[in-house]
$ cat model.txt   # compact mmCIF, C-alpha atoms
# COMPACT_ATOMS: atom_id res chain seq x y z
CA MET E 5 -13.28 -15.73 -10.88
CA LYS E 6 -9.55 -15.64 -10.29
CA LYS E 7 -7.50 -15.80 -13.45
CA SER E 8 -4.33 -17.83 -13.70
CA PHE E 9 -1.53 -17.52 -16.22
CA THR E 10 1.35 -19.60 -17.47
CA ASP E 11 4.80 -18.00 -17.56
CA GLN E 12 4.51 -17.52 -21.30
CA GLN E 13 1.08 -15.91 -20.98
CA ILE E 14 2.48 -13.55 -18.36
CA VAL E 15 5.29 -12.41 -20.60
CA ASP E 16 3.07 -12.14 -23.70
CA GLY E 17 0.37 -10.32 -21.73
CA LEU E 18 2.81 -7.78 -20.34
CA GLN E 19 4.45 -7.30 -23.74
CA SER E 20 1.03 -6.43 -25.16
CA LYS E 21 1.04 -3.42 -22.80
CA GLN E 22 -2.73 -3.43 -22.39
CA VAL E 23 -4.08 -2.02 -19.15
CA ALA E 24 -6.68 -4.70 -18.38
CA ILE E 25 -4.31 -7.63 -19.01
CA THR E 26 -1.50 -5.95 -17.06
CA GLU E 27 -3.83 -5.48 -14.07
CA ASP E 28 -4.99 -9.10 -14.23
CA ILE E 29 -1.40 -10.35 -14.38
CA VAL E 30 -0.33 -8.10 -11.51
CA THR E 31 -3.24 -9.44 -9.44
CA TYR E 32 -2.17 -12.99 -10.23
CA LEU E 33 1.45 -12.26 -9.35
CA TYR E 34 0.34 -10.65 -6.08
CA GLU E 35 -1.54 -13.82 -5.13
CA GLN E 36 1.41 -16.00 -6.08
CA CYS E 37 4.31 -14.03 -4.64
CA GLN E 38 3.23 -11.59 -1.95
CA ARG E 39 3.22 -14.14 0.87
CA ASN E 40 6.70 -15.46 0.08
CA ILE E 41 8.07 -11.94 -0.17
CA THR E 42 6.43 -10.98 3.13
CA ASN E 43 8.05 -14.04 4.72
CA LEU E 44 11.41 -13.10 3.23
CA VAL E 45 11.22 -9.59 4.66
CA THR E 46 9.80 -10.45 8.08
CA ARG E 47 12.35 -13.26 8.51
CA LYS E 48 15.13 -10.74 7.95
CA GLY E 49 13.79 -8.23 10.43
CA GLY E 50 11.51 -6.12 8.21
CA SER E 51 7.91 -5.20 8.81
CA GLU E 52 4.79 -5.97 6.78
CA ASP E 53 4.84 -2.43 5.42
CA ASP E 54 8.44 -3.00 4.28
CA ALA E 55 7.24 -6.15 2.53
CA ASN E 56 4.45 -4.24 0.79
CA ASP E 57 6.84 -1.54 -0.42
CA LEU E 58 9.31 -4.16 -1.56
CA PHE E 59 6.64 -6.03 -3.49
CA GLN E 60 5.66 -2.85 -5.35
CA GLU E 61 9.30 -2.14 -6.26
CA THR E 62 9.78 -5.74 -7.31
CA ILE E 63 6.81 -5.71 -9.66
CA LEU E 64 8.00 -2.43 -11.19
CA ALA E 65 11.40 -3.99 -11.81
CA PHE E 66 9.84 -7.14 -13.21
CA LEU E 67 7.61 -5.21 -15.64
CA GLN E 68 10.63 -3.22 -16.77
CA ASN E 69 12.67 -6.39 -17.30
CA VAL E 70 9.90 -7.98 -19.34
CA TRP E 71 9.49 -4.88 -21.51
CA THR E 72 13.23 -4.61 -22.11
CA SER E 73 13.38 -8.39 -22.74
CA LYS E 74 15.85 -8.86 -19.91
CA TYR E 75 13.54 -11.54 -18.66
CA GLN E 76 12.63 -14.30 -21.05
CA VAL E 77 10.79 -17.50 -20.26
CA HIS E 78 13.10 -20.40 -19.43
CA HIS E 79 12.06 -23.87 -18.43
CA ASP E 80 14.41 -23.80 -15.46
CA ALA E 81 13.46 -20.36 -14.13
CA LYS E 82 9.82 -19.76 -13.29
CA VAL E 83 8.42 -16.25 -13.22
CA THR E 84 7.66 -16.55 -9.50
CA THR E 85 11.23 -17.67 -8.77
CA TYR E 86 12.59 -14.79 -10.82
CA ILE E 87 10.37 -12.29 -8.98
CA TYR E 88 11.46 -13.74 -5.66
CA GLY E 89 15.06 -13.28 -6.85
CA ILE E 90 14.45 -9.61 -7.62
CA ALA E 91 12.83 -9.16 -4.21
CA SER E 92 15.77 -10.84 -2.42
CA ASN E 93 18.18 -8.65 -4.29
CA LEU E 94 16.32 -5.45 -3.48
CA TRP E 95 15.81 -6.46 0.14
CA LEU E 96 19.49 -7.31 0.46
CA LYS E 97 20.35 -3.78 -0.64
CA GLU E 98 17.82 -2.23 1.71
CA TRP E 99 18.81 -4.48 4.58
CA THR E 100 22.52 -3.78 4.04
CA LYS E 101 21.82 -0.06 4.01
CA ARG E 102 19.94 -0.30 7.28
CA ASN E 103 22.62 -2.36 8.95
CA ALA E 104 25.58 -0.35 7.70
CA VAL E 105 26.47 0.65 11.26
CA ASN E 106 27.45 -2.81 12.29
CA GLN E 107 30.05 -3.61 9.66
CA ARG E 108 31.06 -7.03 10.89
CA HIS E 109 27.52 -8.24 11.20
CA GLU E 110 26.71 -6.76 7.83
CA LYS E 111 29.60 -8.56 6.15
CA TYR E 112 28.66 -11.91 7.64
CA SER E 113 25.02 -11.56 6.68
CA ARG E 114 25.80 -10.44 3.16
CA ASN E 115 27.81 -13.60 2.65
CA GLN E 116 25.00 -15.61 4.14
CA LEU E 117 22.43 -13.98 1.87
CA LEU E 118 24.63 -14.25 -1.21
CA ASN E 119 25.19 -17.91 -0.51
CA ASP E 120 21.43 -18.41 -0.38
CA ARG E 121 20.82 -16.91 -3.80
CA SER E 122 20.28 -19.00 -6.90
CA PRO E 123 22.32 -18.35 -10.09
CA GLU E 124 19.49 -16.52 -11.85
CA GLU E 125 19.05 -14.26 -8.85
CA VAL E 126 22.70 -13.31 -9.02
CA LEU E 127 22.30 -12.45 -12.70
CA ILE E 128 19.65 -9.82 -11.99
CA ASP E 129 21.08 -6.45 -12.83
CA GLU E 130 21.73 -3.59 -10.50
CA ASP E 131 19.63 -1.12 -12.48
CA GLU E 132 16.30 -2.83 -11.96
CA LEU E 133 14.86 0.28 -10.44
CA ARG E 134 15.45 2.54 -13.44
CA SER E 135 11.87 2.11 -14.48
CA ALA E 136 9.69 4.16 -16.80
CA TRP E 137 7.68 5.23 -13.79
CA ALA E 138 10.79 6.53 -12.06
CA LEU E 139 11.61 8.62 -15.13
CA PHE E 140 8.07 9.88 -15.45
CA GLY E 141 8.09 10.67 -11.74
CA LYS E 142 10.94 13.12 -12.32
CA LEU E 143 8.55 15.40 -14.21
CA GLY E 144 6.62 17.99 -12.21
CA LYS E 145 3.26 16.94 -10.82
CA THR E 146 1.33 19.20 -13.22
CA CYS E 147 3.17 17.82 -16.23
CA GLN E 148 2.49 14.27 -15.10
CA ASP E 149 -1.20 15.06 -14.70
CA ILE E 150 -1.49 16.86 -18.04
CA LEU E 151 0.21 14.03 -19.94
CA THR E 152 -1.88 11.43 -18.14
CA ALA E 153 -5.06 13.37 -18.92
CA PHE E 154 -4.19 13.70 -22.60
CA TYR E 155 -2.57 10.39 -23.47
CA PHE E 156 -4.18 8.01 -20.99
CA ASP E 157 -7.58 9.48 -20.13
CA LYS E 158 -7.94 10.75 -23.72
CA LYS E 159 -9.19 14.19 -22.68
CA THR E 160 -9.38 17.02 -25.21
CA MET E 161 -7.18 20.11 -25.00
CA GLN E 162 -10.17 22.20 -23.98
CA GLU E 163 -11.01 19.82 -21.13
CA ILE E 164 -7.39 19.90 -19.98
CA ALA E 165 -7.39 23.69 -20.17
CA ASP E 166 -10.51 23.76 -17.98
CA ASP E 167 -9.26 21.13 -15.51
CA PHE E 168 -5.87 22.79 -15.00
CA ASN E 169 -7.01 26.41 -15.26
CA LEU E 170 -4.89 27.01 -18.32
CA GLY E 171 -7.38 29.28 -20.06
CA THR E 172 -7.52 28.26 -23.72
CA ALA E 173 -6.93 24.99 -25.55
CA ASP E 174 -3.89 26.58 -27.19
CA ASN E 175 -2.35 27.23 -23.79
CA ALA E 176 -2.96 23.60 -22.85
CA LYS E 177 -1.36 22.49 -26.10
CA THR E 178 1.72 24.62 -25.43
CA ARG E 179 1.94 23.22 -21.91
CA LYS E 180 1.65 19.67 -23.18
CA TYR E 181 4.37 20.35 -25.75
CA ARG E 182 6.73 21.58 -23.04
CA CYS E 183 5.98 18.58 -20.86
CA ILE E 184 6.72 16.18 -23.69
CA GLN E 185 9.96 18.02 -24.40
CA ALA E 186 10.94 17.75 -20.74
CA LEU E 187 10.22 14.03 -20.68
CA LYS E 188 12.08 13.53 -23.95
CA LYS E 189 15.08 15.21 -22.39
CA LEU E 190 14.88 12.88 -19.39
CA VAL E 191 14.57 9.84 -21.62
CA THR E 192 17.50 10.75 -23.84
CA THR E 193 19.77 11.85 -20.98
CA PRO E 194 21.88 8.86 -19.95
CA MET X 205 -0.32 17.86 -45.50
CA LYS X 206 3.25 19.11 -45.50
CA ARG X 207 5.61 19.19 -42.54
CA PRO X 208 4.35 22.03 -40.29
CA ALA X 209 6.68 24.94 -39.69
CA ASP X 210 5.51 25.42 -36.11
CA LYS X 211 7.16 23.11 -33.53
CA LEU X 212 3.91 22.41 -31.67
CA ASP X 213 2.13 21.47 -34.85
CA GLU X 214 5.10 19.39 -35.92
CA GLN X 215 4.87 17.41 -32.68
CA ASP X 216 1.17 16.81 -33.30
CA TRP X 217 2.00 15.72 -36.83
CA ILE X 218 4.59 13.20 -35.62
CA GLU X 219 2.23 11.93 -32.93
CA ARG X 220 -0.52 11.33 -35.46
CA TYR X 221 2.02 9.38 -37.49
CA LEU X 222 3.16 7.34 -34.49
CA ASN X 223 -0.41 6.63 -33.42
CA ASP X 224 -1.38 5.57 -36.92
CA GLN X 225 -3.95 8.34 -37.17
CA MET X 226 -3.14 9.66 -40.66
CA PRO X 227 -3.97 8.59 -44.20
CA ALA X 228 -1.47 6.60 -46.25
CA ASP X 229 -0.36 9.50 -48.45
CA GLU X 230 0.36 11.66 -45.42
CA ARG X 231 2.34 8.80 -43.83
CA THR X 232 4.37 8.67 -46.99
CA SER X 233 5.10 12.38 -46.60
CA VAL X 234 6.35 11.86 -43.04
CA GLU X 235 8.57 8.98 -44.11
CA ALA X 236 9.93 10.99 -47.01
CA GLU X 237 10.73 13.81 -44.61
CA MET X 238 12.51 11.34 -42.32
CA ASN X 239 14.62 10.12 -45.20
CA ALA X 240 15.46 13.64 -46.27
CA ASP X 241 16.20 15.10 -42.85
CA PRO X 242 18.26 13.07 -40.31
CA ASP X 243 17.38 15.54 -37.54
CA PHE X 244 13.69 15.01 -38.20
CA ARG X 245 14.23 11.23 -38.15
CA GLU X 246 15.99 11.62 -34.81
CA GLU X 247 13.06 13.71 -33.55
CA VAL X 248 10.55 11.02 -34.57
CA THR X 249 12.63 8.26 -32.98
CA SER X 250 13.05 10.08 -29.71
CA LEU X 251 9.37 11.05 -29.58
CA LYS X 252 8.47 7.42 -30.21
CA ARG X 253 10.69 6.33 -27.32
CA THR X 254 9.20 9.06 -25.13
CA HIS X 255 5.71 7.81 -25.92
CA GLU X 256 6.74 4.25 -25.09
CA ILE X 257 8.22 5.36 -21.78
CA MET X 258 5.10 7.33 -21.02
CA HIS X 259 2.84 4.40 -21.78
CA GLU X 260 4.99 2.10 -19.65
CA ALA X 261 4.88 4.64 -16.86
CA PHE X 262 1.07 4.73 -17.04
CA LEU X 263 0.96 0.95 -16.94
CA GLN X 264 3.32 0.85 -13.96
CA GLN X 265 1.22 3.48 -12.25
CA ARG X 266 -1.88 1.33 -12.75
CA ALA X 267 0.00 -1.78 -11.61
CA ILE X 268 1.11 -0.06 -8.41
CA GLY X 269 -2.42 1.23 -7.88
CA ARG X 270 -3.77 -2.29 -8.23
CA ILE X 271 -1.14 -3.72 -5.84
CA LYS X 272 -1.85 -1.03 -3.24
CA GLN X 273 -5.54 -1.83 -3.52
CA LEU X 274 -4.87 -5.55 -2.99
CA GLN X 275 -2.51 -4.84 -0.10
CA HIS X 276 -5.08 -2.56 1.50
CA GLN X 277 -7.76 -5.23 1.17
CA ALA X 278 -5.43 -7.85 2.65
CA LYS X 279 -4.54 -5.54 5.53
CA TYR X 280 -8.20 -4.81 6.21
CA GLN X 281 -9.00 -8.51 6.08
CA THR X 282 -6.11 -9.40 8.40
CA HIS X 283 -7.22 -6.65 10.75
CA ARG X 284 -10.77 -8.00 10.77
CA ILE X 285 -9.60 -11.57 11.33
CA ARG X 286 -7.42 -10.42 14.22
CA LEU X 287 -10.29 -8.42 15.68
CA VAL X 288 -12.70 -11.34 15.43
CA ARG X 289 -10.07 -13.70 16.88
CA ARG X 290 -9.37 -11.33 19.78
CA SER X 291 -13.08 -10.87 20.43
CA MET X 292 -13.62 -14.62 20.45
CA VAL X 293 -10.67 -15.18 22.78
CA SER X 294 -11.94 -12.41 25.09
CA PHE X 295 -15.46 -13.83 25.03
CA ALA X 296 -14.17 -17.35 25.73
CA THR X 297 -12.01 -16.02 28.58
CA VAL X 298 -14.97 -14.21 30.10
CA CYS X 299 -17.08 -17.37 29.77
CA VAL X 300 -14.39 -19.50 31.42
CA LEU X 301 -13.96 -16.98 34.23
CA PHE X 302 -17.72 -16.78 34.73
CA ILE X 303 -18.05 -20.57 34.81
CA ALA X 304 -15.14 -20.72 37.26
CA TYR X 305 -16.86 -18.07 39.35
CA LEU X 306 -20.12 -20.05 39.30
CA SER X 307 -18.27 -23.27 40.08
CA PHE X 308 -15.92 -22.24 42.84
CA THR X 309 -17.51 -19.41 44.76
CA PRO X 310 -19.94 -20.41 47.51
CA VAL X 311 -23.66 -19.77 47.18
CA SER X 312 -24.59 -17.01 49.58
CA PHE X 313 -28.09 -16.40 50.83
CA PRO X 314 -29.55 -13.20 52.25
CA ASP X 315 -29.44 -12.79 56.01
CA SER X 316 -32.45 -14.31 57.73
CA GLU X 317 -34.77 -12.14 59.75
CA ASN X 318 -33.33 -11.93 63.19
CA ASP X 319 -36.47 -12.62 65.19
CA PHE X 320 -37.89 -15.56 67.01
CA SER X 321 -41.34 -15.47 65.42
CA VAL X 322 -40.48 -18.41 63.25
CA THR X 323 -43.84 -20.03 63.87
CA ARG X 324 -47.30 -18.60 63.75
CA SER X 325 -50.72 -19.32 65.24
CA LEU X 326 -49.12 -20.22 68.54
CA SER X 327 -50.54 -17.87 71.06
CA ASP X 328 -49.80 -19.45 74.46
CA ASP X 329 -46.63 -18.91 76.46
CA SER X 330 -45.12 -22.24 75.53
CA VAL X 331 -44.47 -20.89 72.03
CA VAL X 332 -41.49 -18.90 73.08
CA VAL X 333 -39.56 -22.07 73.86
CA ALA X 334 -40.65 -23.79 70.63
CA GLN X 335 -39.81 -20.73 68.53
CA LYS X 336 -36.43 -20.43 70.12
CA ARG X 337 -35.68 -24.08 69.49
CA ILE X 338 -36.53 -23.91 65.75
CA PHE X 339 -34.66 -20.66 65.37
CA GLU X 340 -31.59 -22.13 67.04
CA GLN X 341 -31.81 -25.27 64.94
CA PHE X 342 -31.84 -23.19 61.79
CA PHE X 343 -28.71 -21.30 62.79
CA GLU X 344 -27.12 -24.52 63.98
CA GLY X 345 -27.66 -25.94 60.49
CA GLN X 346 -26.02 -22.84 59.03
CA MET X 347 -23.06 -23.30 61.37
CA HIS X 348 -22.69 -26.94 60.25
CA LEU X 349 -22.67 -25.75 56.64
CA VAL X 350 -19.92 -23.25 57.42
CA ASP X 351 -17.94 -25.90 59.32
CA GLY X 352 -18.25 -28.38 56.46
CA GLN X 353 -20.38 -30.82 58.47
CA TYR X 354 -22.89 -31.25 55.72
CA ALA X 355 -24.63 -34.41 57.03
CA LEU X 356 -25.37 -32.64 60.31
CA ALA X 357 -26.57 -29.58 58.42
CA VAL X 358 -28.96 -31.77 56.41
CA LYS X 359 -30.25 -33.29 59.64
CA SER X 360 -30.87 -29.90 61.27
CA PHE X 361 -32.66 -28.43 58.23
CA GLU X 362 -34.75 -31.55 57.63
CA GLN X 363 -36.05 -31.40 61.22
CA ILE X 364 -37.26 -27.82 60.70
CA VAL X 365 -38.85 -28.63 57.33
CA HIS X 366 -41.07 -31.21 59.01
CA VAL X 367 -42.54 -28.62 61.37
CA THR X 368 -45.92 -27.81 59.93
CA ASP X 369 -46.82 -24.45 61.41
CA ILE X 370 -43.91 -22.34 60.24
CA ARG X 371 -43.86 -18.99 58.51
CA PRO X 372 -43.34 -19.24 54.70
CA TYR X 373 -40.33 -16.96 54.89
CA PHE X 374 -38.46 -19.35 57.19
CA ARG X 375 -39.67 -22.44 55.37
CA GLU X 376 -38.19 -21.09 52.14
CA ALA X 377 -34.96 -20.03 53.85
CA VAL X 378 -34.59 -23.50 55.34
CA GLN X 379 -35.36 -25.18 52.02
CA TRP X 380 -32.65 -23.18 50.20
CA HIS X 381 -30.12 -24.00 52.89
CA LEU X 382 -31.20 -27.62 52.79
CA ALA X 383 -30.60 -27.65 49.02
CA VAL X 384 -27.04 -26.49 49.59
CA ALA X 385 -26.56 -29.01 52.36
CA TYR X 386 -27.78 -31.81 50.07
CA LEU X 387 -25.47 -30.64 47.33
CA LYS X 388 -22.45 -30.51 49.62
CA SER X 389 -23.25 -33.85 51.16
CA GLY X 390 -23.27 -35.54 47.75
CA GLN X 391 -27.03 -35.67 47.12
CA PRO X 392 -27.44 -33.41 44.08
CA ASP X 393 -30.72 -35.00 42.97
CA LYS X 394 -32.41 -34.02 46.22
CA ALA X 395 -30.87 -30.57 45.94
CA ASN X 396 -32.20 -30.32 42.40
CA ARG X 397 -35.72 -31.17 43.47
CA ILE X 398 -35.73 -28.32 45.99
CA TYR X 399 -34.15 -25.99 43.46
CA ASP X 400 -36.84 -26.78 40.88
CA GLN X 401 -39.54 -26.21 43.47
CA TYR X 402 -38.33 -22.76 44.54
CA ALA X 403 -36.24 -21.34 41.67
CA HIS X 404 -39.21 -20.10 39.64
CA CYS X 405 -41.47 -19.26 42.55
CA ILE X 406 -43.23 -15.91 42.00
CA ASP X 407 -44.81 -15.23 45.41
CA CYS X 408 -41.89 -16.44 47.52
CA GLU X 409 -40.82 -14.27 50.42
CA TYR X 410 -37.20 -15.35 50.85
CA ARG X 411 -35.65 -13.88 47.71
CA ILE X 412 -32.40 -15.27 46.29
CA GLY X 413 -30.36 -13.14 43.89
CA LEU X 414 -30.15 -14.28 40.27
CA VAL X 415 -26.39 -14.92 40.33
CA ASN X 416 -26.66 -17.07 43.44
CA ARG X 417 -29.49 -19.02 41.87
CA TRP X 418 -27.25 -19.60 38.78
CA LYS X 419 -24.41 -20.67 41.05
CA LEU X 420 -26.58 -23.21 42.82
CA TRP X 421 -28.10 -24.48 39.55
CA TRP X 422 -24.66 -24.82 37.91
CA GLN X 423 -23.11 -26.54 40.93
CA ILE X 424 -26.06 -28.98 41.13
CA LYS X 425 -25.84 -29.78 37.40
CA TRP X 426 -22.07 -30.16 37.58
CA ALA X 427 -22.43 -32.54 40.55
CA GLN X 428 -25.07 -34.53 38.62
CA TRP X 429 -22.86 -34.80 35.51
CA THR X 430 -19.67 -35.80 37.32
$ encode --input "model.txt" --output "structure tokens"
Amino acid sequence: MKKSFTDQQIVDGLQSKQVAITEDIVTYLYEQCQRNITNLVTRKGGSEDDANDLFQETILAFLQNVWTSKYQVHHDAKVTTYIYGIASNLWLKEWTKRNAVNQRHEKYSRNQLLNDRSPEEVLIDEDELRSAWALFGKLGKTCQDILTAFYFDKKTMQEIADDFNLGTADNAKTRKYRCIQALKKLVTTP
Amino acid sequence: MKRPADKLDEQDWIERYLNDQMPADERTSVEAEMNADPDFREEVTSLKRTHEIMHEAFLQQRAIGRIKQLQHQAKYQTHRIRLVRRSMVSFATVCVLFIAYLSFTPVSFPDSENDFSVTRSLSDDSVVVAQKRIFEQFFEGQMHLVDGQYALAVKSFEQIVHVTDIRPYFREAVQWHLAVAYLKSGQPDKANRIYDQYAHCIDCEYRIGLVNRWKLWWQIKWAQWT
């Protein structure tokens, strides 16, 4: 059965940072917003694949904004409206980038798009895309996999050593230590 | 347990503290160490933040995985709907074209045997004249059909049908032509009667192709309905 959520339940569920609830909420948001975002993109000359990519980026930004409390539930700004605002903002950037060649046309359209945006959309920050995933993605692939195996899949050091051909559990532990240090450096670097 | 001297072990120690996996007295030791050493406090804080980021990254990874799965399903579904729709449109188009073909192309019969032995059991010399007359009447009827003089065609074919001593092959050929003549002259019921009589005949000699039989059947039914 399809689950539905109120705005408050969405925010509380995401704040809980539990995998199952996050997946349920993301599924709900997909059902609520994907079509509108696809329409937004295809109306402005994008493809369905563009719309899919944009939706993924939008949800990443939304999760980040909920976790950093940039988004809080207001009676006058529904979650779906807010998400649509993020999507418009991101698509505007992408669209402007693509149309940079034709400066005059670009300028006109930017004004048009800006005029269409609601006040809360305008308030959405520029750094929406600085998500945890983006930071984590800066680590090497092996580091990402080792940390995921240890912290998320709850594998033992010996299992990680076997999976990644690291020899002993001590080697795996050293490797994990270095990976954590690397991530810590990324997190603390402004 | 005291603060480990080794950096790796120290990280494990802090992680056990952050994940609430140590007894109360050991927690107290960690907190005491944090109060005593600002660098250690900084280390704990930054490791905590790193863990949070990592957990958020895992959640985002799962969220993206879920979205991709949903998008893939939607794409597959859309593809299937499009495929079914296209197939249905193609099938409907083929049906319409086939019905149009059945409706608007003329029924064509096989060529009749080009001999005068239309009748049988007539052994005297007078038969030649009689045979010739029936044969000519048959082709005259065909000519009327081609010329669009359907009433005359009906008349010609009906005259031959009434001849009793006629070979089955020619009788059947005349009956099929008569059915068409009836149909064209606005008498579909009569055409239908002949069609019913000969359409499912097993031992008939004058064989009509299946498509032409369908054409005639469809055109008779259409004339009866309209």
$ residues_near_point --input "model.txt" --point "(-29.1, -31.1, 47.2)" --cutoff "10 Å" --atoms "all atoms listed in the file" --output "MDAnalysis selection string"
chainID X and resid 358 379:399 420 423:424 427
$ atom_distance --input "model.txt" --atom1 "CA of Arg270 in chain X" --atom2 "CA of Phe59 in chain E"
12.0 Å
$ closest_residue --input "model.txt" --among "E:Asp167, E:Asp80, E:Asp11, E:Asp157" --to "chain X" --atoms "only C-alpha atoms"
E:Asp157
$ closest_residue --input "model.txt" --among "X:Asp241, X:Glu362, X:Glu256, X:Glu340" --to "chain E" --atoms "all atoms listed in the file"
X:Glu256
$ atom_distance --input "model.txt" --atom1 "CA of Lys252 in chain X" --atom2 "CA of Glu219 in chain X"
8.2 Å
$ atom_distance --input "model.txt" --atom1 "CA of Val288 in chain X" --atom2 "CA of Leu274 in chain X"
20.8 Å
$ interface_residues --input "model.txt" --of "chain X" --to "chain E" --cutoff "6 Å" --atoms "only C-alpha atoms" --output "count of residues only"
5
$ axis_aligned_box --input "model.txt" --around "range 249-267 of chain X" --padding-each-side "3 Å" --output "lines of an AutoDock Vina configuration file"
center_x = 5.6
center_y = 4.6
center_z = -22.3
size_x = 20.9
size_y = 18.8
size_z = 27.4
$ closest_residue --input "model.txt" --among "E:Ala81, E:Thr46, E:Ala104, E:Ala176" --to "Lys159 in chain E" --atoms "all atoms listed in the file"
E:Ala176
$ closest_residue --input "model.txt" --among "X:Asn416, X:Val234, X:Glu376, X:Ile364" --to "Arg337 in chain X" --atoms "all atoms listed in the file"
X:Ile364
$ closest_residue --input "model.txt" --among "E:Thr160, E:Thr146, E:Gln13, E:Cys183" --to "Tyr32 in chain E" --atoms "all atoms listed in the file"
E:Gln13
